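Next comes query09.cif, a file with mmCIF, C-alpha atoms.
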```cif
data_query
loop_
_atom_site.label_atom_id
_atom_site.label_comp_id
_atom_site.auth_asym_id
_atom_site.auth_seq_id
_atom_site.Cartn_x
_atom_site.Cartn_y
_atom_site.Cartn_z
CA MET A 16 0.00 0.00 0.00
CA MET A 17 2.76 2.35 1.04
CA GLU A 18 4.74 1.38 -2.03
CA ILE A 19 1.87 2.14 -4.38
CA GLY A 20 1.30 5.53 -2.77
CA LEU A 21 4.97 6.44 -3.15
CA ASP A 22 4.94 5.28 -6.77
CA ILE A 23 1.90 7.41 -7.56
CA ALA A 24 3.48 10.42 -5.86
CA THR A 25 6.66 9.90 -7.90
CA TRP A 26 4.65 9.65 -11.11
CA ILE A 27 2.83 12.88 -10.39
CA LEU A 28 5.96 14.80 -9.35
CA LEU A 29 8.07 13.62 -12.28
CA MET A 30 5.32 14.26 -14.81
CA ALA A 31 4.76 17.76 -13.42
CA GLY A 32 8.49 18.41 -13.58
CA GLY A 33 8.73 17.14 -17.15
CA LEU A 34 5.77 19.28 -18.21
CA LEU A 35 7.35 22.33 -16.59
CA LEU A 36 10.61 21.61 -18.42
CA LEU A 37 8.78 21.43 -21.74
CA ILE A 38 7.12 24.77 -20.98
CA THR A 39 10.55 26.16 -20.16
CA GLY A 40 11.99 25.04 -23.47
CA PHE A 41 8.96 26.43 -25.26
CA GLY A 42 9.39 29.73 -23.44
CA LEU A 43 13.05 29.92 -24.37
CA LEU A 44 12.04 29.69 -28.03
CA ARG A 45 8.95 31.84 -27.89
CA LEU A 46 9.47 34.85 -25.63
CA PRO A 47 10.48 38.05 -27.40
CA ASP A 48 13.72 39.28 -25.84
CA LEU A 49 16.65 38.27 -23.64
CA TYR A 50 15.31 39.52 -20.30
CA THR A 51 12.03 37.67 -20.66
CA ARG A 52 13.91 34.52 -21.64
CA ILE A 53 15.88 34.71 -18.40
CA HIS A 54 12.59 34.26 -16.53
CA ALA A 55 11.81 31.15 -18.57
CA GLY A 56 15.25 29.76 -17.80
CA GLY A 57 14.76 30.46 -14.10
CA MET A 58 11.68 28.27 -14.13
CA ALA A 59 13.79 25.21 -15.00
CA ASP A 60 16.30 26.12 -12.29
CA THR A 61 13.78 26.31 -9.47
CA LEU A 62 10.52 24.40 -9.47
CA ALA A 63 11.35 21.82 -12.15
CA THR A 64 14.56 20.83 -10.35
CA PHE A 65 12.71 20.68 -7.05
CA LEU A 66 9.86 18.53 -8.39
CA ILE A 67 12.05 16.04 -10.25
CA PHE A 68 14.58 15.55 -7.46
CA VAL A 69 11.93 15.25 -4.75
CA GLY A 70 10.19 12.69 -6.95
CA LEU A 71 13.42 10.72 -7.21
CA ALA A 72 14.06 11.08 -3.47
CA LEU A 73 10.73 9.41 -2.72
CA GLN A 74 11.94 6.32 -4.60
CA SER A 75 15.33 6.04 -2.93
CA GLY A 76 14.11 5.47 0.62
CA PHE A 77 16.22 6.75 3.50
CA SER A 78 19.81 6.45 2.35
CA LEU A 79 22.80 8.49 1.30
CA VAL A 80 21.19 8.85 -2.13
CA THR A 81 18.37 10.92 -0.63
CA VAL A 82 20.88 13.21 1.03
CA LYS A 83 22.74 13.65 -2.24
CA LEU A 84 19.52 14.52 -4.05
CA LEU A 85 18.67 17.15 -1.45
CA LEU A 86 22.22 18.51 -1.64
CA VAL A 87 21.88 18.95 -5.41
CA ILE A 88 18.59 20.83 -4.87
CA VAL A 89 20.17 23.13 -2.28
CA PHE A 90 23.18 23.72 -4.49
CA VAL A 91 21.13 24.59 -7.56
CA PHE A 92 18.92 26.90 -5.48
CA PHE A 93 21.96 28.74 -4.14
CA THR A 94 23.82 29.14 -7.43
CA SER A 95 21.09 29.74 -10.01
CA PRO A 96 20.11 33.27 -8.87
CA THR A 97 23.77 34.27 -8.89
CA SER A 98 24.29 33.19 -12.47
CA SER A 99 21.04 34.71 -13.72
CA TYR A 100 21.86 37.97 -11.95
CA ALA A 101 25.33 37.97 -13.51
CA LEU A 102 23.80 37.36 -16.94
CA ALA A 103 21.17 40.11 -16.58
CA GLN A 104 23.71 42.56 -15.21
CA ALA A 105 26.30 41.83 -17.89
CA SER A 106 23.79 42.31 -20.69
CA PHE A 107 22.43 45.47 -19.05
CA VAL A 108 25.94 46.93 -18.74
CA ALA A 109 26.60 45.97 -22.35
CA GLY A 110 23.68 48.23 -23.29
CA LEU A 111 20.99 45.74 -24.24
CA LYS A 112 17.64 47.47 -23.69
CA PRO A 113 14.69 45.34 -22.60
CA LYS A 114 11.49 45.51 -24.59
CA LEU A 115 8.86 47.07 -22.40
CA GLY A 116 5.23 48.05 -22.63
CA GLU A 117 1.86 46.66 -23.37
CA ASP A 118 1.50 45.36 -26.87
CA ASP A 119 4.65 43.68 -28.03
CA ALA A 120 3.07 40.32 -28.55
CA PRO A 121 5.75 37.96 -29.83
CA GLN A 122 5.52 37.65 -33.57
CA GLU A 123 8.79 35.93 -34.35
CA GLU A 124 8.75 32.41 -35.64
CA PRO A 125 11.72 30.19 -35.04
CA GLY A 126 13.85 30.44 -38.16
CA ALA A 127 12.73 33.97 -38.99
CA THR A 128 15.63 35.55 -37.08
CA GLU A 129 18.59 34.72 -39.30
CA ARG A 130 21.06 37.41 -38.37
CA GLU A 131 24.29 35.50 -38.52
CA MET B 14 36.19 30.22 17.51
CA LEU B 15 32.54 29.19 17.60
CA ARG B 16 32.27 29.80 13.87
CA THR B 17 35.42 27.79 13.15
CA THR B 18 34.05 24.87 15.14
CA SER B 19 30.75 25.06 13.31
CA LEU B 20 32.56 25.24 9.96
CA PHE B 21 34.46 22.09 10.90
CA LEU B 22 31.23 20.34 11.88
CA VAL B 23 29.53 21.32 8.62
CA LEU B 24 32.52 20.15 6.56
CA MET B 25 32.61 16.88 8.49
CA ALA B 26 28.89 16.28 7.96
CA VAL B 27 29.20 16.91 4.23
CA TRP B 28 32.22 14.62 4.03
CA LEU B 29 30.45 11.81 5.89
CA LEU B 30 27.30 12.14 3.78
CA LEU B 31 29.07 12.25 0.44
CA SER B 32 31.76 9.63 1.01
CA GLY B 33 29.92 6.43 1.87
CA HIS B 34 33.13 4.63 2.88
CA TYR B 35 33.43 4.17 6.61
CA THR B 36 36.66 2.23 7.23
CA VAL B 37 38.96 3.58 9.93
CA LEU B 38 41.71 4.67 7.55
CA ILE B 39 39.48 6.57 5.12
CA THR B 40 37.47 8.23 7.90
CA SER B 41 40.64 9.42 9.62
CA PHE B 42 41.79 10.93 6.32
CA GLY B 43 38.45 12.72 6.14
CA VAL B 44 38.76 14.09 9.68
CA ALA B 45 42.32 15.24 8.96
CA SER B 46 41.36 17.04 5.75
CA CYS B 47 38.37 18.75 7.38
CA LEU B 48 40.54 19.90 10.29
CA PHE B 49 43.16 21.18 7.86
CA SER B 50 40.56 23.12 5.84
CA ALA B 51 39.05 24.68 8.97
CA LEU B 52 42.54 25.62 10.19
CA ILE B 53 43.43 27.29 6.87
CA ALA B 54 40.14 29.18 6.87
CA TYR B 55 40.83 30.32 10.44
CA ARG B 56 44.34 31.50 9.60
CA MET B 57 43.13 33.29 6.45
CA ASP B 58 40.54 35.04 8.62
CA VAL B 59 37.74 34.45 6.14
CA ILE B 60 35.18 33.15 8.64
CA ASP B 61 33.05 36.08 9.75
CA ARG B 62 29.40 37.05 9.99
CA GLU B 63 29.06 37.30 6.22
CA SER B 64 30.72 34.13 5.08
CA HIS B 65 29.30 31.91 7.80
CA PRO B 66 26.02 33.46 8.97
CA LEU B 67 25.39 31.35 12.03
CA HIS B 68 23.23 33.97 13.74
CA LEU B 69 20.48 33.58 11.12
CA TRP B 70 20.14 29.90 11.75
CA PRO B 71 16.77 29.06 13.29
CA ARG B 72 14.82 31.84 11.57
CA VAL B 73 16.17 31.20 8.09
CA ILE B 74 14.30 27.86 7.93
CA VAL B 75 10.96 29.64 8.23
CA TYR B 76 12.05 32.08 5.56
CA TRP B 77 13.03 29.27 3.19
CA GLY B 78 9.65 27.63 3.66
CA TRP B 79 7.88 30.88 2.82
CA LEU B 80 10.19 31.41 -0.17
CA LEU B 81 9.40 27.92 -1.49
CA VAL B 82 5.67 28.71 -1.52
CA GLU B 83 6.40 32.00 -3.32
CA ILE B 84 8.52 30.16 -5.89
CA TYR B 85 5.68 27.74 -6.52
CA LYS B 86 3.17 30.55 -7.11
CA ALA B 87 5.58 32.51 -9.31
CA ASN B 88 6.29 29.41 -11.43
CA ILE B 89 2.59 28.97 -12.15
CA ASP B 90 2.46 32.64 -13.19
CA VAL B 91 5.42 32.34 -15.55
CA ALA B 92 4.11 29.10 -17.05
CA LYS B 93 0.78 30.80 -17.79
CA CYS B 94 2.66 33.72 -19.31
CA VAL B 95 4.67 31.45 -21.60
CA LEU B 96 1.57 29.60 -22.76
CA PHE B 97 -0.62 32.68 -23.28
CA PRO B 98 1.76 35.59 -23.88
CA LYS B 99 -0.84 37.88 -25.43
CA LYS B 100 -2.87 37.87 -22.25
CA TYR B 101 -0.21 37.98 -19.53
CA LEU B 102 3.06 39.26 -20.98
CA ARG B 103 3.67 42.79 -19.59
CA PRO B 104 7.43 43.22 -19.14
CA SER B 105 8.44 46.18 -17.01
CA LEU B 106 11.60 47.61 -15.49
CA PHE B 107 11.37 49.51 -12.21
CA GLU B 108 13.42 50.51 -9.20
CA THR B 109 12.69 49.48 -5.65
CA LYS B 110 14.36 50.22 -2.34
CA ALA B 111 16.03 47.68 -0.10
CA SER B 112 15.51 48.56 3.56
CA GLN B 113 18.19 46.22 4.91
CA LYS B 114 21.22 47.76 6.55
CA THR B 115 23.93 45.17 5.99
CA ASP B 116 25.32 43.97 2.68
CA LEU B 117 24.37 40.42 3.56
CA GLY B 118 20.71 41.42 3.94
CA LYS B 119 20.70 43.22 0.61
CA VAL B 120 22.25 40.23 -1.12
CA ILE B 121 19.70 37.89 0.43
CA TYR B 122 16.88 40.17 -0.72
CA ALA B 123 18.24 40.58 -4.27
CA ASN B 124 18.88 36.87 -4.61
CA SER B 125 15.38 36.08 -3.35
CA ILE B 126 13.95 38.38 -6.01
CA THR B 127 15.97 36.60 -8.67
CA LEU B 128 15.13 33.15 -7.34
CA THR B 129 11.39 33.69 -7.75
CA PRO B 130 10.87 33.38 -11.51
CA GLY B 131 9.12 36.32 -13.12
CA THR B 132 11.31 38.89 -11.40
CA VAL B 133 15.05 39.30 -11.97
CA THR B 134 17.42 41.71 -10.24
CA VAL B 135 19.25 43.57 -12.98
CA ASP B 136 21.31 45.95 -10.86
CA LEU B 137 22.05 46.57 -7.18
CA ASP B 138 23.56 49.95 -6.37
CA GLY B 139 23.62 51.22 -2.79
CA ASP B 140 20.12 50.44 -1.60
CA VAL B 141 18.37 50.81 -4.94
CA ILE B 142 17.49 47.56 -6.72
CA LEU B 143 16.61 47.59 -10.41
CA VAL B 144 14.10 44.83 -11.10
CA HIS B 145 12.87 43.42 -14.40
CA ALA B 146 9.45 41.81 -14.07
CA LEU B 147 7.72 39.58 -16.58
CA THR B 148 4.08 40.02 -15.58
CA LYS B 149 2.07 42.70 -13.88
CA GLY B 150 1.38 40.42 -10.94
CA GLY B 151 5.07 39.80 -10.34
CA ALA B 152 5.86 43.52 -10.42
CA ASP B 153 3.04 44.29 -7.99
CA GLY B 154 4.23 41.51 -5.68
CA ILE B 155 7.63 43.20 -5.35
CA LYS B 156 6.16 46.70 -5.04
CA THR B 157 4.07 45.77 -2.00
CA GLY B 158 7.35 45.19 -0.13
CA ASP B 159 6.28 42.00 1.61
CA MET B 160 9.50 40.16 0.79
CA ASP B 161 11.54 43.23 1.78
CA GLN B 162 9.85 43.27 5.20
CA ARG B 163 10.48 39.59 5.72
CA VAL B 164 14.19 39.82 4.89
CA THR B 165 14.53 42.86 7.17
CA ARG B 166 12.89 40.93 9.98
CA LEU B 167 15.17 37.96 9.25
CA MET B 168 18.23 40.19 9.55
CA GLU B 169 17.37 42.57 12.36
CA GLU B 170 17.58 40.82 15.73
CA SER B 171 21.20 39.78 15.51
CA MET C 6 8.77 3.64 -17.24
CA VAL C 7 8.22 7.00 -15.60
CA TYR C 8 11.96 7.63 -15.66
CA ALA C 9 12.08 7.03 -19.41
CA ILE C 10 9.24 9.46 -20.06
CA THR C 11 10.87 12.12 -17.89
CA ALA C 12 14.21 11.59 -19.62
CA ILE C 13 12.56 12.07 -23.01
CA ALA C 14 10.86 15.26 -21.79
CA ILE C 15 14.22 16.57 -20.56
CA LEU C 16 15.86 15.71 -23.90
CA VAL C 17 13.15 17.51 -25.87
CA SER C 18 13.57 20.51 -23.62
CA ILE C 19 17.34 20.44 -24.18
CA ALA C 20 16.70 20.37 -27.92
CA MET C 21 14.53 23.47 -27.60
CA ALA C 22 17.24 25.27 -25.62
CA LEU C 23 19.71 24.24 -28.31
CA GLY C 24 17.41 25.79 -30.88
CA ARG C 25 17.61 29.05 -28.94
CA ALA C 26 21.40 28.74 -28.87
CA ILE C 27 21.44 28.43 -32.66
CA LEU C 28 18.91 31.20 -33.31
CA GLY C 29 19.80 33.61 -30.50
CA PRO C 30 20.45 37.07 -31.88
CA THR C 31 22.97 38.09 -29.20
CA SER C 32 25.74 36.14 -27.54
CA TYR C 33 23.98 36.60 -24.17
CA ASP C 34 21.09 34.52 -25.47
CA ARG C 35 23.57 31.78 -26.23
CA ILE C 36 25.08 31.96 -22.75
CA LEU C 37 21.58 31.77 -21.28
CA SER C 38 20.77 28.65 -23.26
CA VAL C 39 24.12 27.08 -22.35
CA ASN C 40 23.26 27.69 -18.70
CA ALA C 41 19.78 26.21 -19.16
CA ILE C 42 21.21 23.17 -20.96
CA GLY C 43 23.61 22.68 -18.06
CA THR C 44 20.81 22.68 -15.49
CA LYS C 45 18.78 20.27 -17.57
CA THR C 46 21.82 18.01 -17.93
CA VAL C 47 22.05 17.82 -14.13
CA LEU C 48 18.43 16.68 -14.08
CA LEU C 49 19.08 14.21 -16.91
CA ILE C 50 22.04 12.66 -15.10
CA GLY C 51 19.92 12.16 -11.98
CA VAL C 52 17.03 10.59 -13.88
CA ILE C 53 19.30 8.32 -15.94
CA GLY C 54 21.01 7.18 -12.75
CA PHE C 55 17.65 5.96 -11.48
CA LEU C 56 16.66 4.59 -14.90
CA THR C 57 19.67 2.30 -15.01
CA GLY C 58 19.45 1.51 -11.30
CA ARG C 59 22.79 3.11 -10.44
CA PRO C 60 22.15 6.12 -8.17
CA ASP C 61 25.92 6.67 -7.89
CA PHE C 62 25.47 8.94 -10.90
CA LEU C 63 24.34 11.62 -8.45
CA ASP C 64 27.95 12.43 -7.63
CA LEU C 65 28.40 13.34 -11.26
CA ALA C 66 25.27 15.49 -11.11
CA LEU C 67 26.68 17.38 -8.12
CA VAL C 68 29.98 18.03 -9.86
CA TYR C 69 28.22 19.01 -13.07
CA ALA C 70 26.13 21.58 -11.19
CA LEU C 71 29.35 23.10 -9.81
CA MET C 72 31.03 23.20 -13.22
CA ASN C 73 27.97 24.72 -14.85
CA PHE C 74 27.92 27.55 -12.34
CA ILE C 75 31.63 28.29 -12.54
CA GLY C 76 31.64 28.03 -16.33
CA THR C 77 28.75 30.47 -16.76
CA LEU C 78 30.36 33.01 -14.43
CA ALA C 79 33.74 32.67 -16.14
CA VAL C 80 32.32 33.21 -19.63
CA LEU C 81 30.25 36.19 -18.46
CA LYS C 82 33.24 37.75 -16.77
CA TYR C 83 35.29 37.33 -19.89
CA PHE C 84 32.56 39.00 -21.93
CA LYS C 85 32.16 41.87 -19.51
CA PHE C 86 35.79 42.76 -18.82
CA GLY C 87 37.68 41.13 -21.67
CA THR C 88 39.95 39.40 -19.19
CA LEU C 89 39.69 36.86 -16.41
CA ARG C 90 41.95 38.81 -14.05
CA GLY C 91 40.61 40.82 -11.11
CA GLY C 92 37.29 40.71 -9.27
CA LEU C 93 33.71 40.59 -10.50
CA SER C 94 32.44 43.55 -8.52
CA ARG C 95 31.92 47.13 -9.57
CA SER C 96 34.87 48.50 -7.58
CA SER C 97 37.27 46.44 -9.66
CA ASP C 98 35.64 47.93 -12.74
CA LYS C 99 37.79 51.04 -12.49
CA SER C 100 41.09 49.22 -12.41
CA SER C 101 40.41 47.24 -15.57
#
```

For the file at hand, write its structure as structure tokens.
Amino acid sequence: MMEIGLDIATWILLMAGGLLLLITGFGLLRLPDLYTRIHAGGMADTLATFLIFVGLALQSGFSLVTVKLLLVIVFVFFTSPTSSYALAQASFVAGLKPKLGEDDAPQEEPGATERE
Amino acid sequence: MLRTTSLFLVLMAVWLLLSGHYTVLITSFGVASCLFSALIAYRMDVIDRESHPLHLWPRVIVYWGWLLVEIYKANIDVAKCVLFPKKYLRPSLFETKASQKTDLGKVIYANSITLTPGTVTVDLDGDVILVHALTKGGADGIKTGDMDQRVTRLMEES
Amino acid sequence: MVYAITAIAILVSIAMALGRAILGPTSYDRILSVNAIGTKTVLLIGVIGFLTGRPDFLDLALVYALMNFIGTLAVLKYFKFGTLRGGLSRSSDKSS
């Protein structure tokens, strides 16, 4: 009984994490400019990591593996804001202006931005 | 000295949890290396209130719990925004004030803003934080100053 | 079964991030997608460790998370200052 409950919880958590990752990838392709894409990338760093690793931790029982999974979560949570801040700050200093305002609905299709 | 001891204990705990080999020889190597690292850190004088914030300890757990709930809500917001950008996408760039006194408090606040998706700290200068928000809800959430208050309360009595 | 599905979802997501790395108009977009691919690789290593029944892979995931962080910061610093010498903060901006 306990086993089945844990399995169902793992299924739900891993599926939710996978769905969130797909949305993240979709957002990376779809959103209009760099600053908005940073938000999409941050989604993979936070909740998707948390969901997938907690789902795996439910399967491992109480062992060193669980501790390692939690350590990876803590590590990603501590480092990911630093790297996204560094990225946003570097591009801001380099003079990249964010698109602001109400009605810049994203019109670009993948493949339409050939600016090599 | 208290902080050095606690650094040694943390290093030792991480070593024991990550190694998985518990013979006498290997464990004594682990103890020796942890002692050596703590000693070097003590001699370099890098263990202070900023690098090893022991005084935050019991309250920071509550803050992390609250932050986790915020991250969950913000993720739902950003996911909705990615799926229906016409309806939700309202990027904005605004300045907000950090009311913390110490550098550590400001860094905790700025990093918390960045950690919740939908709002990213672009610049931190003095006590002015430049924030880029993805949706209107995210921007309003920062402007109410709830997170600022919580970080200030986390930092103050110490 | 569930591990395989999750691994496929992660791989598709990595492919999308790779698409952004190829398209990305600025080099910062490419750094962002490299960072995202790194995070997703950490997840992939963890899931594949469980898929093959060898959770020892998690050590690799831990090290990969470290390397991803350091690598992103190093590349950004190189872009910002043109050199890897000196600090990252604003006060060191004047000296460089």

List every protein, DNA or RNA residue that has an atom no more than 9 Å from (3.1, 39.0, -18.6) in the file's coordinate frame, counting all atoms listed in the file, and report them as a list in words.
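Within the cut-off we find Asp90, Val91, Lys93, Cys94, Val95, Phe97, Pro98, Lys99, Lys100, Tyr101, Leu102, Arg103, Pro104, Gly131, Ala146, Leu147, Thr148, Lys149, Gly150 and Gly151 of chain B.
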
Convert the current residue selection to file output with C-alpha atoms, as a CSV table (one decimal), in the frame of the given file.
```csv
chain,number,residue,atom,x,y,z
B,90,ASP,CA,2.5,32.6,-13.2
B,91,VAL,CA,5.4,32.3,-15.6
B,93,LYS,CA,0.8,30.8,-17.8
B,94,CYS,CA,2.7,33.7,-19.3
B,95,VAL,CA,4.7,31.4,-21.6
B,97,PHE,CA,-0.6,32.7,-23.3
B,98,PRO,CA,1.8,35.6,-23.9
B,99,LYS,CA,-0.8,37.9,-25.4
B,100,LYS,CA,-2.9,37.9,-22.2
B,101,TYR,CA,-0.2,38.0,-19.5
B,102,LEU,CA,3.1,39.3,-21.0
B,103,ARG,CA,3.7,42.8,-19.6
B,104,PRO,CA,7.4,43.2,-19.1
B,131,GLY,CA,9.1,36.3,-13.1
B,146,ALA,CA,9.4,41.8,-14.1
B,147,LEU,CA,7.7,39.6,-16.6
B,148,THR,CA,4.1,40.0,-15.6
B,149,LYS,CA,2.1,42.7,-13.9
B,150,GLY,CA,1.4,40.4,-10.9
B,151,GLY,CA,5.1,39.8,-10.3
```

Taking the file as shown, what set of residues would the PyMOL selection byres ((chain B) within 8 of (chain A)) give back, as a JSON list (two decimals) with C-alpha atoms, keeping the file's coordinate frame?
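Output (selection.json):
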```json
[["chain", "number", "residue", "atom", "x", "y", "z"],
["B", 30, "LEU", "CA", 27.30, 12.14, 3.78],
["B", 31, "LEU", "CA", 29.07, 12.25, 0.44],
["B", 33, "GLY", "CA", 29.92, 6.43, 1.87],
["B", 84, "ILE", "CA", 8.52, 30.16, -5.89],
["B", 85, "TYR", "CA", 5.68, 27.74, -6.52],
["B", 88, "ASN", "CA", 6.29, 29.41, -11.43],
["B", 91, "VAL", "CA", 5.42, 32.34, -15.55],
["B", 92, "ALA", "CA", 4.11, 29.10, -17.05],
["B", 95, "VAL", "CA", 4.67, 31.45, -21.60],
["B", 96, "LEU", "CA", 1.57, 29.60, -22.76],
["B", 98, "PRO", "CA", 1.76, 35.59, -23.88],
["B", 99, "LYS", "CA", -0.84, 37.88, -25.43],
["B", 102, "LEU", "CA", 3.06, 39.26, -20.98],
["B", 103, "ARG", "CA", 3.67, 42.79, -19.59],
["B", 104, "PRO", "CA", 7.43, 43.22, -19.14],
["B", 105, "SER", "CA", 8.44, 46.18, -17.01],
["B", 106, "LEU", "CA", 11.60, 47.61, -15.49],
["B", 124, "ASN", "CA", 18.88, 36.87, -4.61],
["B", 125, "SER", "CA", 15.38, 36.08, -3.35],
["B", 127, "THR", "CA", 15.97, 36.60, -8.67],
["B", 128, "LEU", "CA", 15.13, 33.15, -7.34],
["B", 129, "THR", "CA", 11.39, 33.69, -7.75],
["B", 130, "PRO", "CA", 10.87, 33.38, -11.51],
["B", 131, "GLY", "CA", 9.12, 36.32, -13.12],
["B", 132, "THR", "CA", 11.31, 38.89, -11.40],
["B", 133, "VAL", "CA", 15.05, 39.30, -11.97],
["B", 134, "THR", "CA", 17.42, 41.71, -10.24],
["B", 135, "VAL", "CA", 19.25, 43.57, -12.98],
["B", 136, "ASP", "CA", 21.31, 45.95, -10.86],
["B", 145, "HIS", "CA", 12.87, 43.42, -14.40],
["B", 147, "LEU", "CA", 7.72, 39.58, -16.58]]
```

From the options A:Gly70, A:Gly33, A:Gly110, A:Gly20, which residue's atoms come nearest to chain C, counting all atoms listed in the file?
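Counting all atoms listed in the file, the residue closest to chain C is A:Gly33.
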
Which value, in Å to one decimal, gives the distance between atom CA of Thr25 of chain A and atom CA of Val27 of chain B?
26.5 Å

If we count all atoms listed in the file, which residues of chain C reach to within 7 Å of chain A? Please list them as a PyMOL selection string.
chain C and resi 7+11+14-15+18+21-22+25+28+30+33-34+41+44+48+60+63+67+70+74+77-78+81+85

Write to file, as a compact mmCIF listing (two decimals), in the frame of the given file, the residues of the selection just made, with C-alpha atoms.
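Once everything was written out, this is again-v6.txt:
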```txt
# COMPACT_ATOMS: atom_id res chain seq x y z
CA VAL C 7 8.22 7.00 -15.60
CA THR C 11 10.87 12.12 -17.89
CA ALA C 14 10.86 15.26 -21.79
CA ILE C 15 14.22 16.57 -20.56
CA SER C 18 13.57 20.51 -23.62
CA MET C 21 14.53 23.47 -27.60
CA ALA C 22 17.24 25.27 -25.62
CA ARG C 25 17.61 29.05 -28.94
CA LEU C 28 18.91 31.20 -33.31
CA PRO C 30 20.45 37.07 -31.88
CA TYR C 33 23.98 36.60 -24.17
CA ASP C 34 21.09 34.52 -25.47
CA ALA C 41 19.78 26.21 -19.16
CA THR C 44 20.81 22.68 -15.49
CA LEU C 48 18.43 16.68 -14.08
CA PRO C 60 22.15 6.12 -8.17
CA LEU C 63 24.34 11.62 -8.45
CA LEU C 67 26.68 17.38 -8.12
CA ALA C 70 26.13 21.58 -11.19
CA PHE C 74 27.92 27.55 -12.34
CA THR C 77 28.75 30.47 -16.76
CA LEU C 78 30.36 33.01 -14.43
CA LEU C 81 30.25 36.19 -18.46
CA LYS C 85 32.16 41.87 -19.51
```

Identify, on the basis of only C-alpha atoms, every residue whose closest approach to Tyr8 of chain C does not exceed 8 Å; exclude the query and any residue fewer than 2 positions from it along the same chain; express the result as a PyMOL selection string.
(chain A and resi 29) or (chain C and resi 6+10-12+52-53+55-56)

Pick from B:Leu137, B:Leu80, B:Ile89, B:Val59: nearest to chain C, with only C-alpha atoms counted?
B:Leu137
